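This is coords11.pdb (PDB, C-alpha atoms and all ligand atoms).
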MODEL        1
ATOM      1  CA  MET T  24     105.916 101.346  98.428  1.00  0.00           C
ATOM      2  CA  GLN T  25     109.525 102.093  99.232  1.00  0.00           C
ATOM      3  CA  ILE T  26     111.613 104.301 101.509  1.00  0.00           C
ATOM      4  CA  LEU T  27     115.322 104.872 101.785  1.00  0.00           C
ATOM      5  CA  VAL T  28     116.752 104.700 105.342  1.00  0.00           C
ATOM      6  CA  PRO T  29     120.271 104.707 106.828  1.00  0.00           C
ATOM      7  CA  CYS T  30     121.537 101.611 108.655  1.00  0.00           C
ATOM      8  CA  ILE T  31     121.717 102.592 112.355  1.00  0.00           C
ATOM      9  CA  ASP T  32     124.415  99.981 113.150  1.00  0.00           C
ATOM     10  CA  CYS T  33     126.658 101.313 110.367  1.00  0.00           C
ATOM     11  CA  LEU T  34     125.975 104.848 111.660  1.00  0.00           C
ATOM     12  CA  ASN T  35     126.853 103.831 115.263  1.00  0.00           C
ATOM     13  CA  GLN T  36     130.051 102.105 114.147  1.00  0.00           C
ATOM     14  CA  GLY T  37     131.165 105.255 112.334  1.00  0.00           C
ATOM     15  CA  SER T  38     131.542 103.344 109.075  1.00  0.00           C
ATOM     16  CA  PHE T  39     128.506 104.875 107.404  1.00  0.00           C
ATOM     17  CA  ASP T  40     128.858 105.756 103.746  1.00  0.00           C
ATOM     18  CA  GLN T  41     125.996 107.923 102.435  1.00  0.00           C
ATOM     19  CA  ASN T  42     126.371 106.464  98.950  1.00  0.00           C
ATOM     20  CA  LEU T  43     126.483 102.815  99.936  1.00  0.00           C
ATOM     21  CA  ASP T  44     124.777 102.298 103.310  1.00  0.00           C
ATOM     22  CA  MET T  45     121.301 103.655 102.619  1.00  0.00           C
ATOM     23  CA  VAL T  46     118.900 100.723 102.483  1.00  0.00           C
ATOM     24  CA  VAL T  47     115.769 100.517 100.337  1.00  0.00           C
ATOM     25  CA  LEU T  48     112.840  99.127 102.341  1.00  0.00           C
ATOM     26  CA  THR T  49     109.664  97.939 100.644  1.00  0.00           C
ATOM     27  CA  TYR T  50     106.456  97.924 102.676  1.00  0.00           C
ATOM     28  CA  TYR T  51     102.741  97.349 102.303  1.00  0.00           C
ATOM     29  CA  SER T  52      99.660  97.843 104.533  1.00  0.00           C
ATOM     30  CA  GLU T  53     101.302  96.299 107.614  1.00  0.00           C
ATOM     31  CA  ARG T  54     103.906  99.099 107.507  1.00  0.00           C
ATOM     32  CA  SER T  55     106.640  97.119 109.222  1.00  0.00           C
ATOM     33  CA  VAL T  56     109.601  95.788 107.339  1.00  0.00           C
ATOM     34  CA  THR T  57     112.827  93.918 107.970  1.00  0.00           C
ATOM     35  CA  ALA T  58     115.865  93.971 105.677  1.00  0.00           C
ATOM     36  CA  ARG T  59     119.661  93.699 105.824  1.00  0.00           C
ATOM     37  CA  CYS T  60     122.238  96.340 104.940  1.00  0.00           C
ATOM     38  CA  ARG T  61     125.231  95.441 102.739  1.00  0.00           C
ATOM     39  CA  ASN T  62     127.231  94.736 105.952  1.00  0.00           C
ATOM     40  CA  GLY T  63     124.678  92.185 107.138  1.00  0.00           C
ATOM     41  CA  HIS T  64     123.010  94.247 109.905  1.00  0.00           C
ATOM     42  CA  GLU T  65     119.336  93.550 110.362  1.00  0.00           C
ATOM     43  CA  ILE T  66     117.098  96.613 110.062  1.00  0.00           C
ATOM     44  CA  THR T  67     113.509  96.478 111.273  1.00  0.00           C
ATOM     45  CA  ILE T  68     111.317  99.489 110.949  1.00  0.00           C
ATOM     46  CA  VAL T  69     107.738 100.126 112.009  1.00  0.00           C
ATOM     47  CA  LEU T  70     106.440 103.145 110.155  1.00  0.00           C
ATOM     48  CA  ARG T  71     104.441 105.731 112.092  1.00  0.00           C
ATOM     49  CA  ALA T  72     102.599 106.488 108.855  1.00  0.00           C
ATOM     50  CA  GLN T  73      98.859 105.895 108.968  1.00  0.00           C
ATOM     51  CA  LEU T  74      97.052 103.930 106.274  1.00  0.00           C
ATOM     52  CA  PHE T  75      95.547 107.071 104.683  1.00  0.00           C
ATOM     53  CA  GLU T  76      99.023 108.561 104.314  1.00  0.00           C
ATOM     54  CA  ILE T  77     100.449 105.572 102.473  1.00  0.00           C
ATOM     55  CA  LEU T  78      97.369 105.154 100.269  1.00  0.00           C
ATOM     56  CA  ILE T  79      97.768 108.774  99.144  1.00  0.00           C
ATOM     57  CA  GLU T  80     101.505 108.174  98.604  1.00  0.00           C
ATOM     58  CA  SER T  81     100.691 105.021  96.660  1.00  0.00           C
ATOM     59  CA  GLY T  82      98.297 107.057  94.492  1.00  0.00           C
ATOM     60  CA  ALA T  83     101.016 109.648  93.854  1.00  0.00           C
ATOM     61  CA  ASN T  84     103.391 106.869  92.764  1.00  0.00           C
ATOM     62  CA  ALA T  85     100.719 105.505  90.413  1.00  0.00           C
ATOM     63  CA  LEU T  86     100.190 108.998  88.983  1.00  0.00           C
ATOM     64  CA  LEU T  87     103.931 109.386  88.303  1.00  0.00           C
ATOM     65  CA  SER T  88     103.950 105.970  86.605  1.00  0.00           C
ATOM     66  CA  GLY T  89     101.010 106.882  84.350  1.00  0.00           C
ATOM     67  CA  PHE T  90      98.436 104.586  86.015  1.00  0.00           C
ATOM     68  CA  THR T  91      95.621 107.111  86.218  1.00  0.00           C
ATOM     69  CA  LEU T  92      92.765 104.880  87.411  1.00  0.00           C
ATOM     70  CA  GLU T  93      94.947 103.332  90.142  1.00  0.00           C
ATOM     71  CA  ALA T  94      96.022 106.832  91.204  1.00  0.00           C
ATOM     72  CA  ALA T  95      92.438 108.114  91.437  1.00  0.00           C
ATOM     73  CA  VAL T  96      91.218 105.039  93.336  1.00  0.00           C
ATOM     74  CA  SER T  97      94.146 105.143  95.811  1.00  0.00           C
ATOM     75  CA  PHE T  98      93.601 108.844  96.557  1.00  0.00           C
ATOM     76  CA  ALA T  99      89.841 108.296  97.009  1.00  0.00           C
ATOM     77  CA  THR T 100      90.439 105.297  99.306  1.00  0.00           C
ATOM     78  CA  GLY T 101      93.065 107.300 101.207  1.00  0.00           C
ATOM     79  CA  LEU T 102      90.496 110.032 101.899  1.00  0.00           C
ATOM     80  CA  GLU T 103      87.965 107.444 103.114  1.00  0.00           C
ATOM     81  CA  ARG T 104      90.576 106.005 105.491  1.00  0.00           C
ATOM     82  CA  LEU T 105      91.296 109.552 106.677  1.00  0.00           C
ATOM     83  CA  TYR T 106      87.578 109.942 107.538  1.00  0.00           C
ATOM     84  CA  GLU T 107      87.889 106.707 109.540  1.00  0.00           C
ATOM     85  CA  PHE T 108      90.984 108.061 111.316  1.00  0.00           C
ATOM     86  CA  ALA T 109      89.112 111.313 112.067  1.00  0.00           C
ATOM     87  CA  ILE T 110      86.182 109.358 113.587  1.00  0.00           C
ATOM     88  CA  LYS T 111      88.663 107.705 115.957  1.00  0.00           C
ATOM     89  CA  VAL T 112      90.263 111.057 116.839  1.00  0.00           C
ATOM     90  CA  PHE T 113      86.873 112.718 117.492  1.00  0.00           C
ATOM     91  CA  CYS T 114      85.756 109.812 119.726  1.00  0.00           C
ATOM     92  CA  GLU T 115      89.039 110.013 121.659  1.00  0.00           C
ATOM     93  CA  HIS T 116      88.601 113.791 121.934  1.00  0.00           C
ATOM     94  CA  LEU T 117      85.052 113.274 123.294  1.00  0.00           C
ATOM     95  CA  GLN T 118      86.496 110.748 125.780  1.00  0.00           C
ATOM     96  CA  MET T 119      84.383 107.896 124.477  1.00  0.00           C
ATOM     97  CA  PRO T 120      85.479 104.641 126.188  1.00  0.00           C
ATOM     98  CA  LYS T 121      87.393 102.386 123.763  1.00  0.00           C
ATOM     99  CA  SER T 122      84.979  99.476 124.308  1.00  0.00           C
ATOM    100  CA  ILE T 123      81.993 101.601 123.186  1.00  0.00           C
ATOM    101  CA  TYR T 124      83.928 102.916 120.165  1.00  0.00           C
ATOM    102  CA  GLU T 125      84.858  99.380 119.098  1.00  0.00           C
ATOM    103  CA  GLU T 126      81.296  98.131 119.587  1.00  0.00           C
ATOM    104  CA  MET T 127      79.886 100.999 117.489  1.00  0.00           C
ATOM    105  CA  PHE T 128      82.542 100.801 114.790  1.00  0.00           C
ATOM    106  CA  LYS T 129      81.685  97.142 114.123  1.00  0.00           C
ATOM    107  CA  HIS T 130      78.415  98.379 112.599  1.00  0.00           C
ATOM    108  CA  VAL T 131      80.030 100.812 110.177  1.00  0.00           C
ATOM    109  CA  THR T 132      83.332  99.139 109.342  1.00  0.00           C
ATOM    110  CA  ARG T 133      82.228  97.504 106.080  1.00  0.00           C
ATOM    111  CA  GLN T 134      80.227 100.375 104.623  1.00  0.00           C
ATOM    112  CA  SER T 135      81.940 103.594 103.622  1.00  0.00           C
ATOM    113  CA  GLU T 136      78.591 105.456 103.412  1.00  0.00           C
ATOM    114  CA  ARG T 137      77.855 104.681 107.082  1.00  0.00           C
ATOM    115  CA  GLN T 138      81.362 105.822 108.011  1.00  0.00           C
ATOM    116  CA  LEU T 139      80.894 109.048 106.080  1.00  0.00           C
ATOM    117  CA  GLY T 140      77.648 109.724 107.996  1.00  0.00           C
ATOM    118  CA  ALA T 141      79.365 109.070 111.327  1.00  0.00           C
ATOM    119  CA  PHE T 142      82.267 111.315 110.308  1.00  0.00           C
ATOM    120  CA  LEU T 143      80.003 114.211 109.227  1.00  0.00           C
ATOM    121  CA  PHE T 144      78.072 114.268 112.501  1.00  0.00           C
ATOM    122  CA  LEU T 145      81.106 113.833 114.766  1.00  0.00           C
ATOM    123  CA  TYR T 146      82.860 116.600 112.793  1.00  0.00           C
ATOM    124  CA  ALA T 147      79.884 118.900 113.455  1.00  0.00           C
ATOM    125  CA  VAL T 148      79.800 118.021 117.173  1.00  0.00           C
ATOM    126  CA  VAL T 149      83.530 118.665 117.711  1.00  0.00           C
ATOM    127  CA  THR T 150      84.135 121.651 115.421  1.00  0.00           C
ATOM    128  CA  LYS T 151      80.670 123.238 115.805  1.00  0.00           C
ATOM    129  CA  SER T 152      80.554 123.684 112.029  1.00  0.00           C
ATOM    130  CA  SER T 153      79.393 121.686 109.026  1.00  0.00           C
ATOM    131  CA  TYR T 154      81.892 119.817 106.842  1.00  0.00           C
ATOM    132  CA  ALA T 155      82.165 121.122 103.275  1.00  0.00           C
ATOM    133  CA  LEU T 156      81.613 117.847 101.427  1.00  0.00           C
ATOM    134  CA  ASP T 157      82.473 118.087  97.713  1.00  0.00           C
ATOM    135  CA  GLU T 158      79.536 116.285  96.058  1.00  0.00           C
ATOM    136  CA  LYS T 159      81.047 116.667  92.558  1.00  0.00           C
ATOM    137  CA  ARG T 160      84.192 114.889  93.713  1.00  0.00           C
ATOM    138  CA  ILE T 161      82.079 112.004  95.066  1.00  0.00           C
ATOM    139  CA  THR T 162      80.272 111.631  91.704  1.00  0.00           C
ATOM    140  CA  GLU T 163      83.648 111.600  89.954  1.00  0.00           C
ATOM    141  CA  ARG T 164      84.977 109.016  92.423  1.00  0.00           C
ATOM    142  CA  ASN T 165      82.005 106.741  91.709  1.00  0.00           C
ATOM    143  CA  LYS T 166      82.713 106.854  87.956  1.00  0.00           C
ATOM    144  CA  PHE T 167      86.230 105.525  88.608  1.00  0.00           C
ATOM    145  CA  VAL T 168      85.489 103.054  91.409  1.00  0.00           C
ATOM    146  CA  HIS T 169      82.130 101.628  90.268  1.00  0.00           C
ATOM    147  CA  ARG T 170      82.171 102.107  86.503  1.00  0.00           C
ATOM    148  CA  GLY T 171      85.885 101.572  85.884  1.00  0.00           C
ATOM    149  CA  GLU T 172      86.215 104.763  83.873  1.00  0.00           C
ATOM    150  CA  ILE T 173      89.919 105.359  83.211  1.00  0.00           C
ATOM    151  CA  PRO T 174      90.689 109.089  83.516  1.00  0.00           C
ATOM    152  CA  SER T 175      93.121 110.975  81.283  1.00  0.00           C
ATOM    153  CA  PRO T 176      96.330 112.114  83.050  1.00  0.00           C
ATOM    154  CA  LEU T 177      94.926 115.651  83.222  1.00  0.00           C
ATOM    155  CA  VAL T 178      91.622 114.570  84.811  1.00  0.00           C
ATOM    156  CA  ALA T 179      93.400 112.174  87.210  1.00  0.00           C
ATOM    157  CA  LYS T 180      95.838 114.880  88.297  1.00  0.00           C
ATOM    158  CA  SER T 181      93.078 117.382  88.974  1.00  0.00           C
ATOM    159  CA  PHE T 182      91.017 114.758  90.904  1.00  0.00           C
ATOM    160  CA  CYS T 183      94.034 113.707  93.013  1.00  0.00           C
ATOM    161  CA  LYS T 184      94.965 117.333  93.674  1.00  0.00           C
ATOM    162  CA  LYS T 185      91.429 118.061  94.942  1.00  0.00           C
ATOM    163  CA  ILE T 186      91.709 115.137  97.381  1.00  0.00           C
ATOM    164  CA  PHE T 187      95.219 116.175  98.478  1.00  0.00           C
ATOM    165  CA  GLU T 188      93.868 119.632  99.314  1.00  0.00           C
ATOM    166  CA  GLU T 189      90.716 118.376 101.069  1.00  0.00           C
ATOM    167  CA  ALA T 190      92.805 115.913 103.113  1.00  0.00           C
ATOM    168  CA  GLY T 191      95.292 118.693 103.945  1.00  0.00           C
ATOM    169  CA  THR T 192      92.514 120.983 105.210  1.00  0.00           C
ATOM    170  CA  LEU T 193      91.044 118.173 107.328  1.00  0.00           C
ATOM    171  CA  VAL T 194      94.343 117.109 108.971  1.00  0.00           C
ATOM    172  CA  ASP T 195      95.103 120.767 109.749  1.00  0.00           C
ATOM    173  CA  ILE T 196      91.727 121.064 111.527  1.00  0.00           C
ATOM    174  CA  LEU T 197      92.359 117.816 113.429  1.00  0.00           C
ATOM    175  CA  ASN T 198      95.809 119.028 114.516  1.00  0.00           C
ATOM    176  CA  ARG T 199      94.471 122.427 115.519  1.00  0.00           C
ATOM    177  CA  GLN T 200      91.429 121.233 117.459  1.00  0.00           C
ATOM    178  CA  CYS T 201      92.348 117.761 118.695  1.00  0.00           C
ATOM    179  CA  PHE T 202      96.169 117.626 118.654  1.00  0.00           C
ATOM    180  CA  LYS T 203      96.532 115.432 121.784  1.00  0.00           C
ATOM    181  CA  SER T 204      93.906 112.982 120.517  1.00  0.00           C
ATOM    182  CA  VAL T 205      95.648 112.764 117.119  1.00  0.00           C
ATOM    183  CA  GLN T 206      98.917 111.890 118.874  1.00  0.00           C
ATOM    184  CA  ARG T 207      97.223 109.320 121.147  1.00  0.00           C
ATOM    185  CA  VAL T 208      95.425 107.599 118.248  1.00  0.00           C
ATOM    186  CA  ILE T 209      98.676 107.382 116.242  1.00  0.00           C
ATOM    187  CA  ALA T 210     100.686 106.146 119.265  1.00  0.00           C
ATOM    188  CA  ASP T 211      98.107 103.415 120.049  1.00  0.00           C
ATOM    189  CA  GLU T 212      97.986 102.268 116.435  1.00  0.00           C
ATOM    190  CA  VAL T 213     101.798 102.169 116.085  1.00  0.00           C
ATOM    191  CA  GLU T 214     102.105 100.323 119.400  1.00  0.00           C
ATOM    192  CA  SER T 215      99.650  97.629 118.263  1.00  0.00           C
ATOM    193  CA  ARG T 216     101.719  97.106 115.083  1.00  0.00           C
ATOM    194  CA  ARG T 217     104.998  97.100 117.039  1.00  0.00           C
ATOM    195  CA  LYS T 218     103.672  94.174 119.089  1.00  0.00           C
ATOM    196  CA  THR T 219     103.188  92.064 115.963  1.00  0.00           C
ATOM    197  CA  ALA T 220     106.425  93.144 114.240  1.00  0.00           C
ATOM    198  CA  PRO T 221     109.231  90.537 114.482  1.00  0.00           C
ATOM    199  CA  SER T 222     111.669  92.787 116.383  1.00  0.00           C
ATOM    200  CA  SER T 223     110.749  96.393 116.119  1.00  0.00           C
ATOM    201  CA  ARG T 224     113.844  98.448 116.846  1.00  0.00           C
ATOM    202  CA  MET T 225     112.744 101.781 115.542  1.00  0.00           C
ATOM    203  CA  THR T 226     109.848 103.716 114.144  1.00  0.00           C
ATOM    204  CA  ALA T 227     110.217 106.041 111.210  1.00  0.00           C
ATOM    205  CA  GLY T 228     107.925 108.876 110.174  1.00  0.00           C
ATOM    206  CA  GLY T 229     107.117 107.372 106.846  1.00  0.00           C
ATOM    207  CA  PRO T 230     106.570 108.704 103.377  1.00  0.00           C
ATOM    208  CA  PRO T 231     106.666 112.490 103.163  1.00  0.00           C
ATOM    209  CA  PHE T 232     104.285 113.009 100.208  1.00  0.00           C
ATOM    210  CA  PHE T 233     101.330 113.502 102.548  1.00  0.00           C
ATOM    211  CA  SER T 234     101.721 113.386 106.313  1.00  0.00           C
ATOM    212  CA  ILE T 235      99.528 114.540 109.180  1.00  0.00           C
ATOM    213  CA  SER T 236     102.733 115.236 111.140  1.00  0.00           C
ATOM    214  CA  THR T 237     104.189 117.678 108.601  1.00  0.00           C
ATOM    215  CA  GLN T 238     103.777 121.304 109.664  1.00  0.00           C
ATOM    216  CA  ASN T 239     104.577 123.025 106.390  1.00  0.00           C
ATOM    217  CA  ARG T 240     103.075 120.761 103.786  1.00  0.00           C
ATOM    218  CA  GLY T 241     104.154 121.666 100.252  1.00  0.00           C
ATOM    219  CA  THR T 242     101.709 122.031  97.393  1.00  0.00           C
ATOM    220  CA  PHE T 243     100.515 119.011  95.426  1.00  0.00           C
ATOM    221  CA  GLU T 244     102.888 119.874  92.566  1.00  0.00           C
ATOM    222  CA  GLN T 245     105.895 120.492  94.867  1.00  0.00           C
ATOM    223  CA  ASN T 246     105.388 117.193  96.692  1.00  0.00           C
ATOM    224  CA  LEU T 247     104.921 115.309  93.430  1.00  0.00           C
ATOM    225  CA  LYS T 248     108.243 116.716  92.225  1.00  0.00           C
ATOM    226  CA  ALA T 249     109.960 115.754  95.503  1.00  0.00           C
ATOM    227  CA  LEU T 250     108.553 112.223  95.220  1.00  0.00           C
ATOM    228  CA  GLU T 251     109.887 111.990  91.686  1.00  0.00           C
ATOM    229  CA  GLY T 252     113.359 112.826  93.064  1.00  0.00           C
ATOM    230  CA  THR T 253     113.082 110.164  95.796  1.00  0.00           C
ATOM    231  CA  ARG T 254     112.005 107.579  93.217  1.00  0.00           C
ATOM    232  CA  ARG T 255     115.084 108.421  91.126  1.00  0.00           C
ATOM    233  CA  LEU T 256     117.383 108.001  94.160  1.00  0.00           C
ATOM    234  CA  ILE T 257     115.792 104.638  95.015  1.00  0.00           C
ATOM    235  CA  ALA T 258     116.118 103.458  91.405  1.00  0.00           C
ATOM    236  CA  GLU T 259     119.809 104.463  91.407  1.00  0.00           C
ATOM    237  CA  ARG T 260     120.365 102.732  94.769  1.00  0.00           C
ATOM    238  CA  GLN T 261     118.694  99.558  93.530  1.00  0.00           C
ATOM    239  CA  GLY T 262     120.709  99.736  90.312  1.00  0.00           C
ATOM    240  CA  SER T 263     123.989  99.954  92.242  1.00  0.00           C
ATOM    241  CA  SER T 264     122.998  97.061  94.583  1.00  0.00           C
ATOM    242  CA  ARG T 265     122.229  94.902  91.566  1.00  0.00           C
ATOM    243  CA  SER T 266     125.573  95.701  89.939  1.00  0.00           C
ATOM    244  CA  GLN T 267     127.351  94.960  93.281  1.00  0.00           C
ATOM    245  CA  GLN T 268     125.567  91.589  93.423  1.00  0.00           C
ATOM    246  CA  ILE T 269     126.501  90.810  89.809  1.00  0.00           C
ATOM    247  CA  SER T 270     130.163  91.739  90.404  1.00  0.00           C
ATOM    248  CA  SER T 271     130.268  89.500  93.516  1.00  0.00           C
ATOM    249  CA  TYR T 272     129.034  86.539  91.420  1.00  0.00           C
ATOM    250  CA  VAL T 273     131.735  87.038  88.755  1.00  0.00           C
TER     251      VAL T 273
HETATM  252 ZN    ZN I 301     124.673  98.243 108.461  1.00  0.00          ZN
ENDMDL
END
For this file, produce the structure as structure tokens.
Ligand SMILES: [Zn+2]
Amino acid sequence: MQILVPCIDCLNQGSFDQNLDMVVLTYYSERSVTARCRNGHEITIVLRAQLFEILIESGANALLSGFTLEAAVSFATGLERLYEFAIKVFCEHLQMPKSIYEEMFKHVTRQSERQLGAFLFLYAVVTKSSYALDEKRITERNKFVHRGEIPSPLVAKSFCKKIFEEAGTLVDILNRQCFKSVQRVIADEVESRRKTAPSSRMTAGGPPFFSISTQNRGTFEQNLKALEGTRRLIAERQGSSRSQQISSYV
């Protein structure tokens, strides 16, 4: 997973060149990354993005690259991690002490079915309504995850779109009904990662394909197109860095 960020030191020194001083950062689950700009400044970023957001982004990247099974599995896993995030938000909203939450979560952490059960009941308690679980989508997910069925691009796209829309509806409900708890859960999680990052100087929102913090989320197709554009920019940036390196060797 990659993002393109400006070098803050170059920006502060007034020597920033939009074409040359954007830095490509590659990150994984830990969502903190350190790199150097072409002028040697160290850049460390801790992404605010939650795991479900980057799993969905990772799935979108796989879809654009033609890896349909990887795309479907990443979207499905992203939704499961979103259920986990929602459990945390609901518990925070219900003012459950952290120690009790952690003690309870130990018993469900390894089994997604137990987590789904916990999510469904907490959702009902907080929203006073039942969650519209798409059983067909779960059957489809099991074909990919457990039976290794590789979907066609058309099937994968429709499956991923369904998850994008379900996840969008859920994060909108969380923001509407538990906004303060959403912010607290994100802040706590980012803070715990900042502590383990080598020298965390800034936090960045993270990948824009799917974000709980975005107010006007585009459609699945619009965001896929935008991601395609970002990937092109990153590829161009990496191409120009490589040619700069080659010319400095000659
Ligand atoms: Zn710099």
Please enumerate the residues selected by the PyMOL selection byres (((chain T and resi 189) around 12) and not hetatm) when evaluated against the supplied file, formatted as a compact mmCIF listing (two decimals) with C-alpha atoms, in the coordinates of the input.
# COMPACT_ATOMS: atom_id res chain seq x y z
CA PHE T 98 93.60 108.84 96.56
CA ALA T 99 89.84 108.30 97.01
CA GLY T 101 93.06 107.30 101.21
CA LEU T 102 90.50 110.03 101.90
CA GLU T 103 87.96 107.44 103.11
CA LEU T 105 91.30 109.55 106.68
CA TYR T 106 87.58 109.94 107.54
CA TYR T 154 81.89 119.82 106.84
CA ALA T 155 82.16 121.12 103.28
CA LEU T 156 81.61 117.85 101.43
CA ASP T 157 82.47 118.09 97.71
CA ARG T 160 84.19 114.89 93.71
CA PHE T 182 91.02 114.76 90.90
CA CYS T 183 94.03 113.71 93.01
CA LYS T 184 94.96 117.33 93.67
CA LYS T 185 91.43 118.06 94.94
CA ILE T 186 91.71 115.14 97.38
CA PHE T 187 95.22 116.18 98.48
CA GLU T 188 93.87 119.63 99.31
CA ALA T 190 92.80 115.91 103.11
CA GLY T 191 95.29 118.69 103.94
CA THR T 192 92.51 120.98 105.21
CA LEU T 193 91.04 118.17 107.33
CA VAL T 194 94.34 117.11 108.97
CA ASP T 195 95.10 120.77 109.75
CA ILE T 196 91.73 121.06 111.53
CA PHE T 233 101.33 113.50 102.55
CA PHE T 243 100.52 119.01 95.43
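The result of the PyMOL selection byres (((not hetatm)) within 7 of (chain I and resi 301)) on the shown file is Cys30, Ile31, Asp32, Cys33, Asp44, Cys60, Arg61, Asn62, Gly63 and His64 of chain T.
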Problem set entry | Ground truth for the PyMOL selection byres (((chain T and resi 69-72) around 7) and not hetatm), written as a PyMOL selection string | chain T and resi 54-56+67-68+73-74+76-77+213+217+223+225-229
For this session: Enumerate, as a list of chain:residue names, the protein, DNA and RNA residues whose atoms approach (98.4, 107.4, 90.5) to within 10 Å, taking into account all atoms listed in the file and the coordinate frame of the file.
Result: T:Ile79, T:Glu80, T:Ser81, T:Gly82, T:Ala83, T:Asn84, T:Ala85, T:Leu86, T:Leu87, T:Ser88, T:Gly89, T:Phe90, T:Thr91, T:Leu92, T:Glu93, T:Ala94, T:Ala95, T:Val96, T:Ser97, T:Phe98, T:Pro176, T:Ala179, T:Lys180, T:Cys183
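Once Met45 of chain T and its same-chain neighbours fewer than 6 positions away are set aside, Leu27, Val28, Pro29, Cys30, Phe39, Cys60 and Arg260 of chain T remain within 9 Å of it when counting all atoms listed in the file.
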Seminar exercise, completed: If you count all atoms listed in the file, the residue of T:Ile161, T:Met127, T:Ile257, T:Tyr146 closest to Leu48 of chain T turns out to be T:Ile257
Problem set entry | Distance in Å - atom CA of Ile66 of chain T versus atom CA of Asp211 of chain T |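 Taking atom CA of Ile66 of chain T and atom CA of Asp211 of chain T, their separation equals 22.5 Å.
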